[in-house]
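Structure below is final15.cif: mmCIF, C-alpha atoms.
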data_data
#
loop_
_atom_site.group_PDB
_atom_site.id
_atom_site.type_symbol
_atom_site.label_atom_id
_atom_site.label_comp_id
_atom_site.auth_asym_id
_atom_site.auth_seq_id
_atom_site.Cartn_x
_atom_site.Cartn_y
_atom_site.Cartn_z
ATOM 1 C CA MET A 1 -188.846 -4.979 64.931
ATOM 2 C CA SER A 2 -187.840 -3.401 68.254
ATOM 3 C CA GLN A 3 -190.442 -1.888 70.485
ATOM 4 C CA VAL A 4 -190.824 1.831 70.001
ATOM 5 C CA SER A 5 -192.289 4.087 72.667
ATOM 6 C CA ALA A 6 -194.793 6.833 71.940
ATOM 7 C CA GLU A 7 -193.222 9.000 74.624
ATOM 8 C CA PHE A 8 -189.767 10.053 75.705
ATOM 9 C CA VAL A 9 -188.176 7.836 78.352
ATOM 10 C CA PRO A 10 -185.108 9.317 80.068
ATOM 11 C CA ALA A 11 -181.966 7.213 80.364
ATOM 12 C CA HIS A 12 -179.776 7.193 83.477
ATOM 13 C CA ILE A 13 -176.307 8.253 82.372
ATOM 14 C CA ALA A 14 -172.825 8.278 83.904
ATOM 15 C CA ILE A 15 -170.042 10.368 82.342
ATOM 16 C CA LEU A 16 -166.350 9.575 82.568
ATOM 17 C CA THR A 17 -163.575 11.866 81.414
ATOM 18 C CA VAL A 18 -160.227 10.113 80.996
ATOM 19 C CA SER A 19 -157.361 12.559 81.453
ATOM 20 C CA SER A 20 -154.179 12.907 83.451
ATOM 21 C CA ARG A 21 -154.117 16.675 82.824
ATOM 22 C CA ARG A 22 -157.689 17.916 83.253
ATOM 23 C CA GLY A 23 -159.451 18.656 86.504
ATOM 24 C CA GLU A 24 -163.132 19.434 86.976
ATOM 25 C CA ASP A 25 -162.683 23.108 86.001
ATOM 26 C CA GLU A 26 -161.015 22.198 82.679
ATOM 27 C CA ASP A 27 -163.365 19.331 81.808
ATOM 28 C CA THR A 28 -165.177 21.094 78.962
ATOM 29 C CA SER A 29 -166.030 17.825 77.197
ATOM 30 C CA GLY A 30 -167.465 16.215 80.324
ATOM 31 C CA HIS A 31 -169.430 19.388 81.037
ATOM 32 C CA TYR A 32 -170.739 19.433 77.460
ATOM 33 C CA LEU A 33 -171.909 15.804 77.683
ATOM 34 C CA ARG A 34 -173.557 16.422 81.070
ATOM 35 C CA ASP A 35 -175.336 19.567 79.894
ATOM 36 C CA ALA A 36 -176.401 18.009 76.581
ATOM 37 C CA ALA A 37 -177.777 14.914 78.324
ATOM 38 C CA LEU A 38 -179.741 17.021 80.794
ATOM 39 C CA GLU A 39 -181.023 19.285 78.020
ATOM 40 C CA ALA A 40 -182.222 16.207 76.113
ATOM 41 C CA GLY A 41 -184.199 15.150 79.208
ATOM 42 C CA HIS A 42 -181.953 12.367 80.484
ATOM 43 C CA GLN A 43 -180.751 11.959 84.070
ATOM 44 C CA VAL A 44 -177.040 12.257 84.832
ATOM 45 C CA VAL A 45 -176.435 9.912 87.748
ATOM 46 C CA ASP A 46 -172.659 10.345 88.058
ATOM 47 C CA LYS A 47 -169.770 12.245 86.465
ATOM 48 C CA THR A 48 -166.117 11.766 87.249
ATOM 49 C CA ILE A 49 -162.571 12.103 85.936
ATOM 50 C CA VAL A 50 -160.112 9.182 85.957
ATOM 51 C CA LYS A 51 -156.439 9.340 85.080
ATOM 52 C CA GLU A 52 -155.112 7.490 82.034
ATOM 53 C CA ASN A 53 -154.716 4.119 83.727
ATOM 54 C CA MET A 54 -156.273 1.058 82.121
ATOM 55 C CA TYR A 55 -157.119 -0.598 85.435
ATOM 56 C CA ALA A 56 -158.597 2.526 87.063
ATOM 57 C CA ILE A 57 -160.741 3.083 83.959
ATOM 58 C CA ARG A 58 -161.883 -0.538 83.892
ATOM 59 C CA ALA A 59 -162.647 -0.511 87.637
ATOM 60 C CA ARG A 60 -164.780 2.635 87.452
ATOM 61 C CA VAL A 61 -166.739 1.478 84.413
ATOM 62 C CA SER A 62 -167.185 -1.985 85.955
ATOM 63 C CA GLU A 63 -168.855 -0.373 88.987
ATOM 64 C CA TRP A 64 -171.259 1.469 86.699
ATOM 65 C CA ILE A 65 -171.987 -1.654 84.628
ATOM 66 C CA ALA A 66 -172.864 -3.529 87.840
ATOM 67 C CA SER A 67 -175.083 -0.709 89.134
ATOM 68 C CA ASP A 68 -178.826 -0.973 88.674
ATOM 69 C CA ASP A 69 -178.972 2.846 88.523
ATOM 70 C CA ILE A 70 -176.889 3.375 85.368
ATOM 71 C CA GLN A 71 -178.042 2.467 81.857
ATOM 72 C CA VAL A 72 -175.564 4.418 79.714
ATOM 73 C CA VAL A 73 -171.892 5.332 80.162
ATOM 74 C CA LEU A 74 -170.385 8.140 78.083
ATOM 75 C CA ILE A 75 -166.582 8.188 78.088
ATOM 76 C CA ASN A 76 -164.492 10.944 76.564
ATOM 77 C CA GLY A 77 -160.731 10.839 76.099
ATOM 78 C CA GLY A 78 -158.154 8.106 75.785
ATOM 79 C CA THR A 79 -158.965 7.028 72.222
ATOM 80 C CA GLY A 80 -155.895 8.177 70.323
ATOM 81 C CA PHE A 81 -152.418 6.704 69.864
ATOM 82 C CA THR A 82 -150.341 8.161 72.701
ATOM 83 C CA ALA A 83 -149.085 5.887 75.467
ATOM 84 C CA GLY A 84 -151.931 6.956 77.792
ATOM 85 C CA ASP A 85 -154.688 6.313 75.251
ATOM 86 C CA VAL A 86 -155.812 2.959 76.649
ATOM 87 C CA VAL A 87 -159.588 3.255 76.898
ATOM 88 C CA PRO A 88 -160.421 0.816 74.075
ATOM 89 C CA GLU A 89 -158.040 -1.757 75.568
ATOM 90 C CA ALA A 90 -159.574 -1.195 79.011
ATOM 91 C CA LEU A 91 -163.154 -1.635 77.878
ATOM 92 C CA LEU A 92 -163.251 -4.125 75.013
ATOM 93 C CA PRO A 93 -162.860 -7.079 77.433
ATOM 94 C CA LEU A 94 -165.895 -5.829 79.385
ATOM 95 C CA PHE A 95 -168.269 -5.727 76.419
ATOM 96 C CA ASP A 96 -170.820 -8.501 76.044
ATOM 97 C CA ARG A 97 -171.236 -7.214 72.498
ATOM 98 C CA GLU A 98 -169.457 -4.521 70.545
ATOM 99 C CA ILE A 99 -171.557 -2.002 68.612
ATOM 100 C CA ALA A 100 -169.416 -2.238 65.492
ATOM 101 C CA GLY A 101 -171.127 0.505 63.484
ATOM 102 C CA PHE A 102 -170.562 3.215 66.085
ATOM 103 C CA GLY A 103 -166.831 3.702 65.454
ATOM 104 C CA GLU A 104 -167.249 3.576 61.699
ATOM 105 C CA LEU A 105 -170.094 6.098 61.692
ATOM 106 C CA PHE A 106 -168.246 8.403 64.078
ATOM 107 C CA ARG A 107 -165.137 8.360 61.887
ATOM 108 C CA MET A 108 -167.241 8.964 58.758
ATOM 109 C CA LEU A 109 -168.850 12.024 60.334
ATOM 110 C CA SER A 110 -165.460 13.181 61.655
ATOM 111 C CA PHE A 111 -163.923 12.938 58.191
ATOM 112 C CA GLU A 112 -166.319 15.671 57.071
ATOM 113 C CA GLU A 113 -165.071 17.865 59.932
ATOM 114 C CA ILE A 114 -161.354 17.077 60.314
ATOM 115 C CA GLY A 115 -160.343 15.152 57.205
ATOM 116 C CA THR A 116 -157.972 12.220 57.444
ATOM 117 C CA ALA A 117 -157.067 13.043 61.074
ATOM 118 C CA MET A 118 -160.181 11.000 61.861
ATOM 119 C CA MET A 119 -158.065 7.852 61.411
ATOM 120 C CA GLN A 120 -156.462 8.582 64.775
ATOM 121 C CA SER A 121 -159.770 8.112 66.591
ATOM 122 C CA ARG A 122 -160.353 4.699 68.093
ATOM 123 C CA ALA A 123 -163.936 5.461 69.112
ATOM 124 C CA VAL A 124 -165.801 2.303 70.131
ATOM 125 C CA ALA A 125 -169.095 1.343 71.714
ATOM 126 C CA GLY A 126 -170.571 -1.740 73.250
ATOM 127 C CA ILE A 127 -173.074 -3.148 75.680
ATOM 128 C CA ALA A 128 -172.274 -4.876 78.963
ATOM 129 C CA ASN A 129 -174.891 -6.076 81.456
ATOM 130 C CA GLN A 130 -177.549 -4.087 79.555
ATOM 131 C CA THR A 131 -175.456 -0.920 79.936
ATOM 132 C CA LEU A 132 -174.581 1.002 76.769
ATOM 133 C CA ILE A 133 -171.009 2.288 76.691
ATOM 134 C CA PHE A 134 -169.855 4.925 74.201
ATOM 135 C CA VAL A 135 -166.145 5.805 74.007
ATOM 136 C CA ILE A 136 -165.391 9.029 72.133
ATOM 137 C CA PRO A 137 -162.389 11.322 71.747
ATOM 138 C CA GLY A 138 -161.800 13.956 74.394
ATOM 139 C CA SER A 139 -162.330 17.076 72.310
ATOM 140 C CA THR A 140 -165.584 18.907 72.905
ATOM 141 C CA LYS A 141 -166.165 19.041 69.143
ATOM 142 C CA ALA A 142 -165.857 15.247 68.897
ATOM 143 C CA CYS A 143 -168.239 14.832 71.840
ATOM 144 C CA ARG A 144 -170.742 17.117 70.133
ATOM 145 C CA THR A 145 -170.459 15.190 66.841
ATOM 146 C CA ALA A 146 -171.049 11.845 68.559
ATOM 147 C CA TRP A 147 -173.813 13.078 70.856
ATOM 148 C CA GLU A 148 -175.860 15.044 68.343
ATOM 149 C CA ASN A 149 -175.525 12.732 65.349
ATOM 150 C CA ILE A 150 -175.412 9.250 66.858
ATOM 151 C CA ILE A 151 -176.011 8.895 70.570
ATOM 152 C CA VAL A 152 -178.991 11.155 71.336
ATOM 153 C CA PRO A 153 -181.254 9.670 68.637
ATOM 154 C CA GLN A 154 -180.353 6.120 69.679
ATOM 155 C CA LEU A 155 -181.165 6.856 73.343
ATOM 156 C CA ASP A 156 -184.601 8.167 72.382
ATOM 157 C CA ALA A 157 -187.236 5.433 72.689
ATOM 158 C CA ARG A 158 -189.257 7.177 69.946
ATOM 159 C CA THR A 159 -186.570 6.789 67.254
ATOM 160 C CA ARG A 160 -187.778 4.552 64.439
ATOM 161 C CA PRO A 161 -187.224 1.984 63.061
ATOM 162 C CA CYS A 162 -185.162 1.067 66.137
ATOM 163 C CA ASN A 163 -183.169 2.428 69.058
ATOM 164 C CA PHE A 164 -181.178 1.037 71.967
ATOM 165 C CA HIS A 165 -183.818 1.724 74.621
ATOM 166 C CA PRO A 166 -185.266 -1.831 74.630
ATOM 167 C CA HIS A 167 -181.770 -3.191 75.403
ATOM 168 C CA LEU A 168 -181.223 -1.107 78.557
ATOM 169 C CA LYS A 169 -181.685 -2.168 82.173
ATOM 170 C CA LYS A 170 -185.185 -1.558 83.411
#
Exercise: express the given structure as structure tokens:
Amino acid sequence: MSQVSAEFVPAHIAILTVSSRRGEDEDTSGHYLRDAALEAGHQVVDKTIVKENMYAIRARVSEWIASDDIQVVLINGGTGFTAGDVVPEALLPLFDREIAGFGELFRMLSFEEIGTAMMQSRAVAGIANQTLIFVIPGSTKACRTAWENIIVPQLDARTRPCNFHPHLKK
């Protein structure tokens, strides 16, 4: 069984919004993730927006994976089926391990909210260099679904029977 902490341990989080249309003022999903992480007691180390370019996305996330200061990367946008939706393709090669259940659970929860449109979400998650990476759709509602129902409990070292905290960089 994984180690479970008796107290809350904040994670160091970076947030990436992938969009060729949104600037900082319009980044409601990135703002939601930042505010929700801070409200939960975590530390937001960095937040940025990158255009829909596979190599720019991969480069930015690679920097965060290599950093000793970042334990979790939250990415919103770029998970659909348009030509610019390349985040899964950009990140899957970087994963040491994919967290297979994340996408399935996200789509199951989304089905309750948006019906069969959930099939157009290619949400994925993985771990690379002891950095958790969650890739979720760009809508604020999707970010809220993923954060509240999946991510926040798994970032909490007190969650039993297990959580991802023991797998993060120390």
List the residues matched by the PyMOL selection byres ((chain A and resi 94) around 9) in the displayed structure as a list in words, ordered by chain and then by residue number. Arg58, Val61, Ser62, Ala90, Leu91, Leu92, Pro93, Phe95, Asp96, Arg97, Gly126, Ile127 and Ala128 of chain A
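Note that atom CA of A:Pro88 and atom CA of A:Glu24 are 22.8 Å apart.
In terms of minimum interatomic distance to A:Met54, A:Thr79 ranks closest within A:Ala100, A:Thr79, A:Ile114, A:Phe164, counting all atoms listed in the file.
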Need the shell around A:Lys169: protein/DNA/RNA residues with any atom at most 9 Å away, counting only C-alpha atoms. Skip same-chain ones fewer than 4 positions apart. Format as a count of residues only? 8
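What separates atom CA of A:Cys143 from atom CA of A:Tyr32 is a distance of 7.7 Å.
Remark: for A:Val72, the closest of the candidate residues A:Lys141, A:Arg160, A:Lys47, A:Arg22 is A:Lys47 (distances computed over all atoms listed in the file).
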Go through A:Glu39, A:Leu74, A:Gly80, A:Phe134 and flag the residue nearest A:Glu98, using only C-alpha atoms for the distances. A:Phe134
Taking only C-alpha atoms into account, name the residue in A:Val50, A:Ala11, A:Ala36, A:Val45 that is nearest to A:Gly23. A:Val50
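With only C-alpha atoms as the basis for measurement, A:Ser67 is the residue among A:Thr82, A:Gln154, A:Ser110, A:Ser67 that approaches A:Lys170 most closely.
Comparing A:Arg107, A:His42, A:Lys51, A:His167 by their smallest distance to A:Asn76, the closest is A:Lys51 (using all atoms listed in the file).
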List as an NGL selection string the residues having at least one atom at most 9 Å from position (-164.3, 21.4, 74.2) as given in the file, counting only C-alpha atoms. :A and (27-32 or 138-144)
Selection above as a file: C-alpha atoms, as a PDB file, keeping the file's coordinate frame:
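Result written to result_12.pdb:
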ATOM      1  CA  ASP A  27    -163.365  19.331  81.808  1.00  0.00           C
ATOM      2  CA  THR A  28    -165.177  21.094  78.962  1.00  0.00           C
ATOM      3  CA  SER A  29    -166.030  17.825  77.197  1.00  0.00           C
ATOM      4  CA  GLY A  30    -167.465  16.215  80.324  1.00  0.00           C
ATOM      5  CA  HIS A  31    -169.430  19.388  81.037  1.00  0.00           C
ATOM      6  CA  TYR A  32    -170.739  19.433  77.460  1.00  0.00           C
ATOM      7  CA  GLY A 138    -161.800  13.956  74.394  1.00  0.00           C
ATOM      8  CA  SER A 139    -162.330  17.076  72.310  1.00  0.00           C
ATOM      9  CA  THR A 140    -165.584  18.907  72.905  1.00  0.00           C
ATOM     10  CA  LYS A 141    -166.165  19.041  69.143  1.00  0.00           C
ATOM     11  CA  ALA A 142    -165.857  15.247  68.897  1.00  0.00           C
ATOM     12  CA  CYS A 143    -168.239  14.832  71.840  1.00  0.00           C
ATOM     13  CA  ARG A 144    -170.742  17.117  70.133  1.00  0.00           C
TER      14      ARG A 144
END
Report as JSON the centre and the edge lengths, in Å to one decimal, of the axis-aligned box holding every listed atom of stretch 25-39 of chain A, padded by 3 Å on each side.
{"center_x": -171.0, "center_y": 19.0, "center_z": 81.3, "size_x": 26.0, "size_y": 14.2, "size_z": 15.4}
